[in-house]
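Student: Okay, so here is my_file21.pdb, and as you'll see once you scroll down, it has PDB, C-alpha atoms.
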```pdb
ATOM      1  CA  MET H  25     207.820-156.359 -21.791  1.00  0.00           C
ATOM      2  CA  GLY H  26     207.211-159.356 -19.570  1.00  0.00           C
ATOM      3  CA  GLU H  27     203.652-159.586 -20.856  1.00  0.00           C
ATOM      4  CA  ALA H  28     204.845-159.353 -24.465  1.00  0.00           C
ATOM      5  CA  GLU H  29     207.287-162.201 -23.832  1.00  0.00           C
ATOM      6  CA  ASP H  30     204.507-164.297 -22.303  1.00  0.00           C
ATOM      7  CA  LEU H  31     202.234-163.643 -25.314  1.00  0.00           C
ATOM      8  CA  LEU H  32     205.023-164.609 -27.711  1.00  0.00           C
ATOM      9  CA  ARG H  33     205.756-167.805 -25.820  1.00  0.00           C
ATOM     10  CA  LYS H  34     202.112-168.923 -26.080  1.00  0.00           C
ATOM     11  CA  MET H  35     201.703-168.280 -29.835  1.00  0.00           C
ATOM     12  CA  PRO H  36     201.186-171.453 -31.936  1.00  0.00           C
ATOM     13  CA  SER H  37     204.166-172.622 -33.984  1.00  0.00           C
ATOM     14  CA  LYS H  38     203.223-175.914 -35.655  1.00  0.00           C
ATOM     15  CA  SER H  39     202.675-174.914 -39.293  1.00  0.00           C
ATOM     16  CA  LEU H  40     204.576-172.458 -41.505  1.00  0.00           C
ATOM     17  CA  LYS H  41     201.634-170.070 -41.182  1.00  0.00           C
ATOM     18  CA  ASP H  42     201.815-170.400 -37.406  1.00  0.00           C
ATOM     19  CA  ARG H  43     205.560-169.716 -37.335  1.00  0.00           C
ATOM     20  CA  ARG H  44     205.342-166.606 -39.503  1.00  0.00           C
ATOM     21  CA  ALA H  45     203.118-164.786 -36.984  1.00  0.00           C
ATOM     22  CA  PRO H  46     205.419-165.045 -33.930  1.00  0.00           C
ATOM     23  CA  ALA H  47     208.405-164.052 -36.088  1.00  0.00           C
ATOM     24  CA  ILE H  48     206.531-160.896 -37.114  1.00  0.00           C
ATOM     25  CA  PHE H  49     205.544-160.205 -33.519  1.00  0.00           C
ATOM     26  CA  ALA H  50     209.092-160.755 -32.239  1.00  0.00           C
ATOM     27  CA  LEU H  51     210.792-158.573 -34.855  1.00  0.00           C
ATOM     28  CA  ALA H  52     208.355-155.728 -34.178  1.00  0.00           C
ATOM     29  CA  PHE H  53     209.768-155.580 -30.645  1.00  0.00           C
ATOM     30  CA  LEU H  54     213.395-156.194 -31.594  1.00  0.00           C
ATOM     31  CA  GLY H  55     213.414-153.187 -33.910  1.00  0.00           C
ATOM     32  CA  GLY H  56     210.488-151.016 -32.828  1.00  0.00           C
ATOM     33  CA  LEU H  57     209.431-150.967 -36.469  1.00  0.00           C
ATOM     34  CA  ARG H  58     206.363-149.456 -38.114  1.00  0.00           C
ATOM     35  CA  ALA H  59     203.968-152.044 -39.536  1.00  0.00           C
ATOM     36  CA  ASP H  60     204.517-150.979 -43.160  1.00  0.00           C
ATOM     37  CA  THR H  61     208.285-151.119 -42.738  1.00  0.00           C
ATOM     38  CA  LEU H  62     208.164-154.492 -41.008  1.00  0.00           C
ATOM     39  CA  VAL H  63     206.095-156.158 -43.723  1.00  0.00           C
ATOM     40  CA  SER H  64     208.283-154.785 -46.524  1.00  0.00           C
ATOM     41  CA  LEU H  65     211.608-156.109 -45.221  1.00  0.00           C
ATOM     42  CA  ARG H  66     213.612-158.694 -47.142  1.00  0.00           C
ATOM     43  CA  VAL H  67     215.635-161.582 -45.761  1.00  0.00           C
ATOM     44  CA  ASN H  68     218.981-159.847 -46.303  1.00  0.00           C
ATOM     45  CA  HIS H  69     217.839-156.920 -44.175  1.00  0.00           C
ATOM     46  CA  ILE H  70     218.248-159.087 -41.060  1.00  0.00           C
ATOM     47  CA  ASP H  71     221.639-160.040 -39.622  1.00  0.00           C
ATOM     48  CA  VAL H  72     220.991-162.464 -36.773  1.00  0.00           C
ATOM     49  CA  VAL H  73     224.692-162.773 -35.918  1.00  0.00           C
ATOM     50  CA  ALA H  74     225.330-159.037 -35.558  1.00  0.00           C
ATOM     51  CA  ARG H  75     221.764-158.542 -34.222  1.00  0.00           C
ATOM     52  CA  ARG H  76     221.043-155.826 -36.740  1.00  0.00           C
ATOM     53  CA  ILE H  77     218.144-154.682 -38.935  1.00  0.00           C
ATOM     54  CA  ASP H  78     218.971-152.774 -42.114  1.00  0.00           C
ATOM     55  CA  GLN H  79     216.026-150.410 -42.511  1.00  0.00           C
ATOM     56  CA  ASN H  80     216.802-149.490 -46.111  1.00  0.00           C
ATOM     57  CA  GLY H  81     214.552-146.657 -47.244  1.00  0.00           C
ATOM     58  CA  LYS H  82     215.353-147.349 -50.897  1.00  0.00           C
ATOM     59  CA  VAL H  83     213.836-150.826 -50.687  1.00  0.00           C
ATOM     60  CA  ALA H  84     211.586-151.060 -47.636  1.00  0.00           C
ATOM     61  CA  ARG H  85     208.578-148.822 -47.018  1.00  0.00           C
ATOM     62  CA  THR H  86     210.011-146.533 -44.347  1.00  0.00           C
ATOM     63  CA  LYS H  87     208.722-143.222 -43.026  1.00  0.00           C
ATOM     64  CA  ASN H  88     209.837-140.453 -45.402  1.00  0.00           C
ATOM     65  CA  GLY H  89     212.161-142.960 -47.097  1.00  0.00           C
ATOM     66  CA  LYS H  90     214.520-142.877 -44.107  1.00  0.00           C
ATOM     67  CA  SER H  91     217.326-145.426 -43.905  1.00  0.00           C
ATOM     68  CA  ILE H  92     218.825-146.464 -40.581  1.00  0.00           C
ATOM     69  CA  GLU H  93     220.707-149.451 -39.207  1.00  0.00           C
ATOM     70  CA  ILE H  94     219.001-150.676 -36.053  1.00  0.00           C
ATOM     71  CA  ALA H  95     220.619-152.705 -33.287  1.00  0.00           C
ATOM     72  CA  TRP H  96     218.183-155.162 -31.734  1.00  0.00           C
ATOM     73  CA  PHE H  97     216.772-153.752 -28.531  1.00  0.00           C
ATOM     74  CA  PRO H  98     218.110-155.511 -25.401  1.00  0.00           C
ATOM     75  CA  ILE H  99     214.960-157.460 -24.611  1.00  0.00           C
ATOM     76  CA  PRO H 100     214.456-161.136 -23.589  1.00  0.00           C
ATOM     77  CA  ALA H 101     216.386-163.671 -25.696  1.00  0.00           C
ATOM     78  CA  LEU H 102     213.172-165.397 -26.808  1.00  0.00           C
ATOM     79  CA  PHE H 103     212.445-162.593 -29.293  1.00  0.00           C
ATOM     80  CA  GLY H 104     215.778-163.001 -31.058  1.00  0.00           C
ATOM     81  CA  ASN H 105     215.534-166.791 -30.992  1.00  0.00           C
ATOM     82  CA  VAL H 106     212.138-166.742 -32.698  1.00  0.00           C
ATOM     83  CA  VAL H 107     213.433-164.513 -35.500  1.00  0.00           C
ATOM     84  CA  SER H 108     216.579-166.632 -35.920  1.00  0.00           C
ATOM     85  CA  ASP H 109     214.466-169.793 -36.180  1.00  0.00           C
ATOM     86  CA  TRP H 110     212.307-168.118 -38.829  1.00  0.00           C
ATOM     87  CA  ILE H 111     215.344-167.163 -40.910  1.00  0.00           C
ATOM     88  CA  GLU H 112     216.559-170.778 -40.728  1.00  0.00           C
ATOM     89  CA  THR H 113     213.126-172.031 -41.793  1.00  0.00           C
ATOM     90  CA  LEU H 114     213.128-169.715 -44.807  1.00  0.00           C
ATOM     91  CA  ASP H 115     216.628-170.843 -45.749  1.00  0.00           C
ATOM     92  CA  ARG H 116     215.532-174.488 -45.782  1.00  0.00           C
ATOM     93  CA  LEU H 117     212.719-173.482 -48.152  1.00  0.00           C
ATOM     94  CA  GLY H 118     215.171-171.725 -50.463  1.00  0.00           C
ATOM     95  CA  ILE H 119     213.904-168.283 -49.448  1.00  0.00           C
ATOM     96  CA  LYS H 120     216.842-165.925 -48.917  1.00  0.00           C
ATOM     97  CA  GLY H 121     218.617-162.767 -50.064  1.00  0.00           C
ATOM     98  CA  ASP H 122     216.236-160.302 -51.725  1.00  0.00           C
ATOM     99  CA  ASP H 123     213.197-162.500 -51.080  1.00  0.00           C
ATOM    100  CA  ALA H 124     210.492-161.156 -48.784  1.00  0.00           C
ATOM    101  CA  LEU H 125     211.145-161.784 -45.101  1.00  0.00           C
ATOM    102  CA  PHE H 126     207.447-162.408 -44.513  1.00  0.00           C
ATOM    103  CA  PRO H 127     206.129-163.756 -47.847  1.00  0.00           C
ATOM    104  CA  ASP H 128     202.494-164.218 -48.680  1.00  0.00           C
ATOM    105  CA  LEU H 129     201.343-167.624 -47.486  1.00  0.00           C
ATOM    106  CA  LYS H 130     201.009-168.883 -51.068  1.00  0.00           C
ATOM    107  CA  TRP H 131     204.812-168.769 -51.406  1.00  0.00           C
ATOM    108  CA  LEU H 132     205.284-170.778 -48.232  1.00  0.00           C
ATOM    109  CA  LYS H 133     202.872-173.416 -49.516  1.00  0.00           C
ATOM    110  CA  ARG H 134     204.705-173.570 -52.855  1.00  0.00           C
ATOM    111  CA  SER H 135     208.168-173.792 -51.302  1.00  0.00           C
ATOM    112  CA  GLY H 136     209.288-176.377 -53.842  1.00  0.00           C
ATOM    113  CA  SER H 137     208.992-173.855 -56.675  1.00  0.00           C
ATOM    114  CA  VAL H 138     210.726-170.855 -55.150  1.00  0.00           C
ATOM    115  CA  ASN H 139     214.058-171.752 -56.704  1.00  0.00           C
ATOM    116  CA  SER H 140     212.659-171.053 -60.149  1.00  0.00           C
ATOM    117  CA  LYS H 141     214.249-167.992 -61.745  1.00  0.00           C
ATOM    118  CA  LEU H 142     210.760-166.798 -62.692  1.00  0.00           C
ATOM    119  CA  CYS H 143     209.831-166.550 -59.026  1.00  0.00           C
ATOM    120  CA  ARG H 144     212.749-164.484 -57.771  1.00  0.00           C
ATOM    121  CA  PRO H 145     212.852-162.378 -55.829  1.00  0.00           C
ATOM    122  CA  ILE H 146     209.726-163.306 -53.909  1.00  0.00           C
ATOM    123  CA  PRO H 147     207.801-160.032 -53.548  1.00  0.00           C
ATOM    124  CA  VAL H 148     206.859-158.421 -50.273  1.00  0.00           C
ATOM    125  CA  VAL H 149     203.146-158.136 -49.521  1.00  0.00           C
ATOM    126  CA  ARG H 150     201.335-154.902 -50.322  1.00  0.00           C
ATOM    127  CA  THR H 151     199.338-154.487 -47.109  1.00  0.00           C
ATOM    128  CA  THR H 152     199.981-154.727 -43.376  1.00  0.00           C
ATOM    129  CA  SER H 153     197.271-157.328 -42.797  1.00  0.00           C
ATOM    130  CA  ALA H 154     199.894-159.980 -41.874  1.00  0.00           C
ATOM    131  CA  ILE H 155     201.157-157.681 -39.107  1.00  0.00           C
ATOM    132  CA  ASP H 156     197.648-157.018 -37.814  1.00  0.00           C
ATOM    133  CA  ASP H 157     196.941-160.759 -37.868  1.00  0.00           C
ATOM    134  CA  ALA H 158     200.123-161.562 -35.929  1.00  0.00           C
ATOM    135  CA  PHE H 159     199.219-159.180 -33.116  1.00  0.00           C
ATOM    136  CA  ALA H 160     195.647-160.456 -33.105  1.00  0.00           C
ATOM    137  CA  ILE H 161     196.934-164.030 -32.702  1.00  0.00           C
ATOM    138  CA  ALA H 162     199.261-162.934 -29.894  1.00  0.00           C
ATOM    139  CA  SER H 163     196.348-161.214 -28.143  1.00  0.00           C
ATOM    140  CA  GLN H 164     194.109-164.276 -28.144  1.00  0.00           C
ATOM    141  CA  GLY H 165     195.160-165.274 -24.661  1.00  0.00           C
ATOM    142  CA  SER H 166     194.903-161.766 -23.250  1.00  0.00           C
ATOM    143  CA  GLU H 167     192.022-159.558 -22.151  1.00  0.00           C
ATOM    144  CA  GLN H 168     193.692-156.702 -24.006  1.00  0.00           C
ATOM    145  CA  ARG H 169     193.723-156.585 -27.824  1.00  0.00           C
ATOM    146  CA  TYR H 170     197.042-155.185 -28.988  1.00  0.00           C
ATOM    147  CA  THR H 171     197.856-153.432 -32.259  1.00  0.00           C
ATOM    148  CA  PRO H 172     201.275-153.381 -33.979  1.00  0.00           C
ATOM    149  CA  HIS H 173     201.976-149.947 -32.481  1.00  0.00           C
ATOM    150  CA  ALA H 174     202.008-151.600 -29.044  1.00  0.00           C
ATOM    151  CA  SER H 175     205.635-152.584 -29.671  1.00  0.00           C
ATOM    152  CA  LYS H 176     206.695-148.934 -29.885  1.00  0.00           C
ATOM    153  CA  HIS H 177     204.664-148.031 -26.798  1.00  0.00           C
ATOM    154  CA  THR H 178     206.235-150.914 -24.871  1.00  0.00           C
ATOM    155  CA  LEU H 179     209.785-150.011 -25.894  1.00  0.00           C
ATOM    156  CA  GLY H 180     209.122-146.358 -25.070  1.00  0.00           C
ATOM    157  CA  ALA H 181     207.940-147.326 -21.597  1.00  0.00           C
ATOM    158  CA  GLU H 182     210.850-149.737 -21.181  1.00  0.00           C
ATOM    159  CA  LYS H 183     213.308-146.905 -21.745  1.00  0.00           C
ATOM    160  CA  ASN H 184     211.868-145.045 -18.759  1.00  0.00           C
ATOM    161  CA  LEU H 185     211.900-148.127 -16.523  1.00  0.00           C
ATOM    162  CA  ARG H 186     215.601-148.857 -16.946  1.00  0.00           C
ATOM    163  CA  PRO H 187     218.538-147.108 -15.238  1.00  0.00           C
ATOM    164  CA  LEU H 188     219.949-145.839 -18.533  1.00  0.00           C
ATOM    165  CA  THR H 189     222.602-143.169 -18.864  1.00  0.00           C
ATOM    166  CA  ALA H 190     221.815-140.034 -20.844  1.00  0.00           C
ATOM    167  CA  LEU H 191     223.693-141.381 -23.873  1.00  0.00           C
ATOM    168  CA  GLU H 192     221.888-144.730 -23.664  1.00  0.00           C
ATOM    169  CA  ARG H 193     218.518-142.944 -23.541  1.00  0.00           C
ATOM    170  CA  LYS H 194     219.453-140.935 -26.605  1.00  0.00           C
ATOM    171  CA  ALA H 195     220.582-144.014 -28.560  1.00  0.00           C
ATOM    172  CA  TRP H 196     217.370-145.793 -27.533  1.00  0.00           C
ATOM    173  CA  SER H 197     215.213-142.890 -28.760  1.00  0.00           C
ATOM    174  CA  ILE H 198     217.018-142.589 -32.084  1.00  0.00           C
ATOM    175  CA  SER H 199     216.613-146.324 -32.660  1.00  0.00           C
ATOM    176  CA  LEU H 200     212.867-145.833 -32.172  1.00  0.00           C
ATOM    177  CA  GLY H 201     212.928-143.082 -34.780  1.00  0.00           C
ATOM    178  CA  HIS H 202     212.486-140.291 -32.238  1.00  0.00           C
ATOM    179  CA  GLU H 203     214.627-137.187 -31.848  1.00  0.00           C
ATOM    180  CA  ASN H 204     212.989-135.866 -28.684  1.00  0.00           C
ATOM    181  CA  GLU H 205     215.782-136.258 -26.125  1.00  0.00           C
ATOM    182  CA  GLN H 206     216.354-132.499 -25.995  1.00  0.00           C
ATOM    183  CA  THR H 207     218.475-132.510 -22.853  1.00  0.00           C
ATOM    184  CA  THR H 208     220.916-135.081 -24.161  1.00  0.00           C
ATOM    185  CA  GLU H 209     220.988-133.344 -27.540  1.00  0.00           C
ATOM    186  CA  MET H 210     222.025-130.127 -25.798  1.00  0.00           C
ATOM    187  CA  HIS H 211     224.776-131.714 -23.723  1.00  0.00           C
ATOM    188  CA  TYR H 212     226.111-134.418 -25.980  1.00  0.00           C
ATOM    189  CA  GLY H 213     225.390-133.222 -29.532  1.00  0.00           C
ATOM    190  CA  LYS H 214     224.988-135.663 -32.385  1.00  0.00           C
ATOM    191  CA  LEU H 215     225.602-139.384 -32.034  1.00  0.00           C
ATOM    192  CA  SER H 216     227.255-141.082 -34.980  1.00  0.00           C
ATOM    193  CA  ASP H 217     225.707-144.347 -36.166  1.00  0.00           C
ATOM    194  CA  VAL H 218     228.765-146.238 -34.946  1.00  0.00           C
ATOM    195  CA  GLN H 219     228.452-144.713 -31.458  1.00  0.00           C
ATOM    196  CA  ARG H 220     224.709-145.349 -31.299  1.00  0.00           C
ATOM    197  CA  LEU H 221     225.040-149.006 -32.296  1.00  0.00           C
ATOM    198  CA  GLU H 222     227.876-149.565 -29.820  1.00  0.00           C
ATOM    199  CA  ILE H 223     225.838-147.993 -27.012  1.00  0.00           C
ATOM    200  CA  MET H 224     222.794-150.127 -27.844  1.00  0.00           C
ATOM    201  CA  ASP H 225     224.936-153.277 -27.879  1.00  0.00           C
ATOM    202  CA  ASN H 226     226.342-152.487 -24.431  1.00  0.00           C
ATOM    203  CA  ILE H 227     223.113-151.580 -22.626  1.00  0.00           C
ATOM    204  CA  GLY H 228     222.783-153.752 -19.557  1.00  0.00           C
ATOM    205  CA  THR H 229     226.407-154.916 -19.517  1.00  0.00           C
ATOM    206  CA  SER H 230     227.318-152.397 -16.833  1.00  0.00           C
ATOM    207  CA  ARG H 231     225.636-150.109 -14.369  1.00  0.00           C
ATOM    208  CA  PRO H 232     226.222-146.393 -13.742  1.00  0.00           C
ATOM    209  CA  LYS H 233     229.272-145.903 -11.519  1.00  0.00           C
ATOM    210  CA  SER H 234     228.950-142.163 -11.050  1.00  0.00           C
ATOM    211  CA  PRO H 235     225.941-139.952 -10.198  1.00  0.00           C
ATOM    212  CA  ARG H 236     226.590-137.978 -13.382  1.00  0.00           C
ATOM    213  CA  ASP H 237     225.836-141.157 -15.367  1.00  0.00           C
ATOM    214  CA  LEU H 238     222.342-141.363 -13.914  1.00  0.00           C
ATOM    215  CA  PRO H 239     219.268-139.942 -15.697  1.00  0.00           C
ATOM    216  CA  GLU H 240     218.752-136.248 -14.932  1.00  0.00           C
ATOM    217  CA  ALA H 241     215.650-136.922 -12.801  1.00  0.00           C
ATOM    218  CA  ASP H 242     217.638-139.324 -10.588  1.00  0.00           C
ATOM    219  CA  GLN H 243     220.456-136.817 -10.250  1.00  0.00           C
ATOM    220  CA  LEU H 244     218.007-134.166  -9.020  1.00  0.00           C
ATOM    221  CA  LYS H 245     216.444-136.625  -6.582  1.00  0.00           C
ATOM    222  CA  MET H 246     219.859-137.534  -5.179  1.00  0.00           C
ATOM    223  CA  PHE H 247     220.776-133.852  -4.890  1.00  0.00           C
ATOM    224  CA  HIS H 248     217.607-133.018  -2.917  1.00  0.00           C
ATOM    225  CA  GLU H 249     218.167-136.022  -0.645  1.00  0.00           C
ATOM    226  CA  LEU H 250     221.649-134.739   0.158  1.00  0.00           C
ATOM    227  CA  LEU H 251     220.297-131.263   0.907  1.00  0.00           C
ATOM    228  CA  GLU H 252     217.726-132.714   3.320  1.00  0.00           C
ATOM    229  CA  LYS H 253     220.372-134.905   4.950  1.00  0.00           C
ATOM    230  CA  PHE H 254     222.482-131.884   5.788  1.00  0.00           C
ATOM    231  CA  GLY H 255     219.474-129.764   6.816  1.00  0.00           C
ATOM    232  CA  MET H 256     219.732-127.360   3.934  1.00  0.00           C
TER     233      MET H 256
END
```
Go ahead and render the structure in this file as structure tokens.

Tutor:
Amino acid sequence: MGEAEDLLRKMPSKSLKDRRAPAIFALAFLGGLRADTLVSLRVNHIDVVARRIDQNGKVARTKNGKSIEIAWFPIPALFGNVVSDWIETLDRLGIKGDDALFPDLKWLKRSGSVNSKLCRPIPVVRTTSAIDDAFAIASQGSEQRYTPHASKHTLGAEKNLRPLTALERKAWSISLGHENEQTTEMHYGKLSDVQRLEIMDNIGTSRPKSPRDLPEADQLKMFHELLEKFGM
């Protein structure tokens, strides 16, 4: 995640074209979104105040038409700031509401005409080339060439690096579109959307106070250490 932040910080941001790429890159990490979903979002799908992404399967191109409200992942503030700045830039251009969040560059160049009723809503692009381009631009200063799926890999790895409780791990996985936390599913059952969003919002605000709040692997490690301590 530190490397991703460094790549984002070094991306050019002078022109409108330049600023679109880092916004794409940043939102990919904030929501762990698939490339096709990311490029088909509209401005009103992003709530920068509540730090939410409305992945609406009826409008955006989501996997199997799935709809889910996603809380921004608790990653460095730079990612959220870049997306917020992009939303403000679009607003100044008159691009808002049902308009594409990442319009084709021709719409950005013709910003003076977007208020025409004939131009609304501004359509989303048909391909994921803008997403591929954004990650290619971000990779220019790195020996590694990253693809859009790198955001999911990074967030998946980040989950395992943090001292998350079982419930936090489950909420994290669901937000990534995964239902593979079998242990937490067995012990805690289903998480409602309200519970999941609240858990995601509170990650990092406190630390586990009881061994039972630690990940299962850490609990086992602590248990074996106690057995060794007492010569058992």

Student: Would you kindly translate the PyMOL selection byres ((chain H and resi 106-110) around 12) into the concrete residues it picks from this file, as a ChimeraX atom specification?

Tutor: /H:29,32-33,35-37,39-55,67,70-77,96,100-105,111-117,119-120,125-127

Student: Rounded to one decimal place, report the CA of Gly81 in chain H-CA of Lys194 in chain H distance in Å.

Tutor: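 So the answer is 22.0 Å.
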
Student: Between CA of Glu222 in chain H and CA of Ala124 in chain H, what distance in Å does the model show, to one decimal?

Tutor: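 Going from CA of Glu222 in chain H over to CA of Ala124 in chain H covers 28.2 Å.
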
Student: Between CA of Arg66 in chain H and CA of Leu129 in chain H, what is the spacing in Å?

Tutor: 15.2 Å

Student: List the residues matched by the PyMOL selection byres ((chain H and resi 223) around 12) in the displayed structure as number ranges by chain, ordered by chain and then by residue number.

Tutor: H: 94-98, 188-199, 215-222, 224-230

Student: Edge lengths and centre in Å to one decimal, as JSON, of the axis-aligned box that encloses all listed atoms of range 52-65 of chain H with 4 Å added on every side?

Tutor:
```
{"center_x": 208.7, "center_y": -152.8, "center_z": -38.6, "size_x": 17.4, "size_y": 14.7, "size_z": 23.9}
```

Student: Which residue gives the smallest distance to Glu167 in chain H among H:Ala84, H:Leu31, H:Pro145, H:Leu57, with only C-alpha atoms counted?

Tutor: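 Of the candidates, the smallest distance to Glu167 in chain H is held by H:Leu31.
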
Student: May I ask which of the residues H:Gly89, H:Leu185, H:Ser175, H:Ala59 is the closest one to Asp156 in chain H, counting only C-alpha atoms?

Tutor: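 Result for the nearest residue to Asp156 in chain H: H:Ala59.
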
Student: Smallest atom-to-atom distance to Thr178 in chain H: which of H:Gly26, H:Pro147, H:Gly201, H:Gly118, using all atoms listed in the file?

Tutor: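 Among the listed residues, H:Gly26 lies closest to Thr178 in chain H.
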
Student: Of the candidates H:Leu200, H:Ala162, H:Leu62, H:Ala154, which shows the shortest atom-to-atom distance to Lys34 in chain H, using all atoms listed in the file?

Tutor: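 The answer is H:Ala162, which sits nearest to Lys34 in chain H.
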
Student: Between H:Leu132, H:Val149, H:Ala174, H:Leu179, which has the minimum distance to Val63 in chain H (counting all atoms listed in the file)?

Tutor: H:Val149
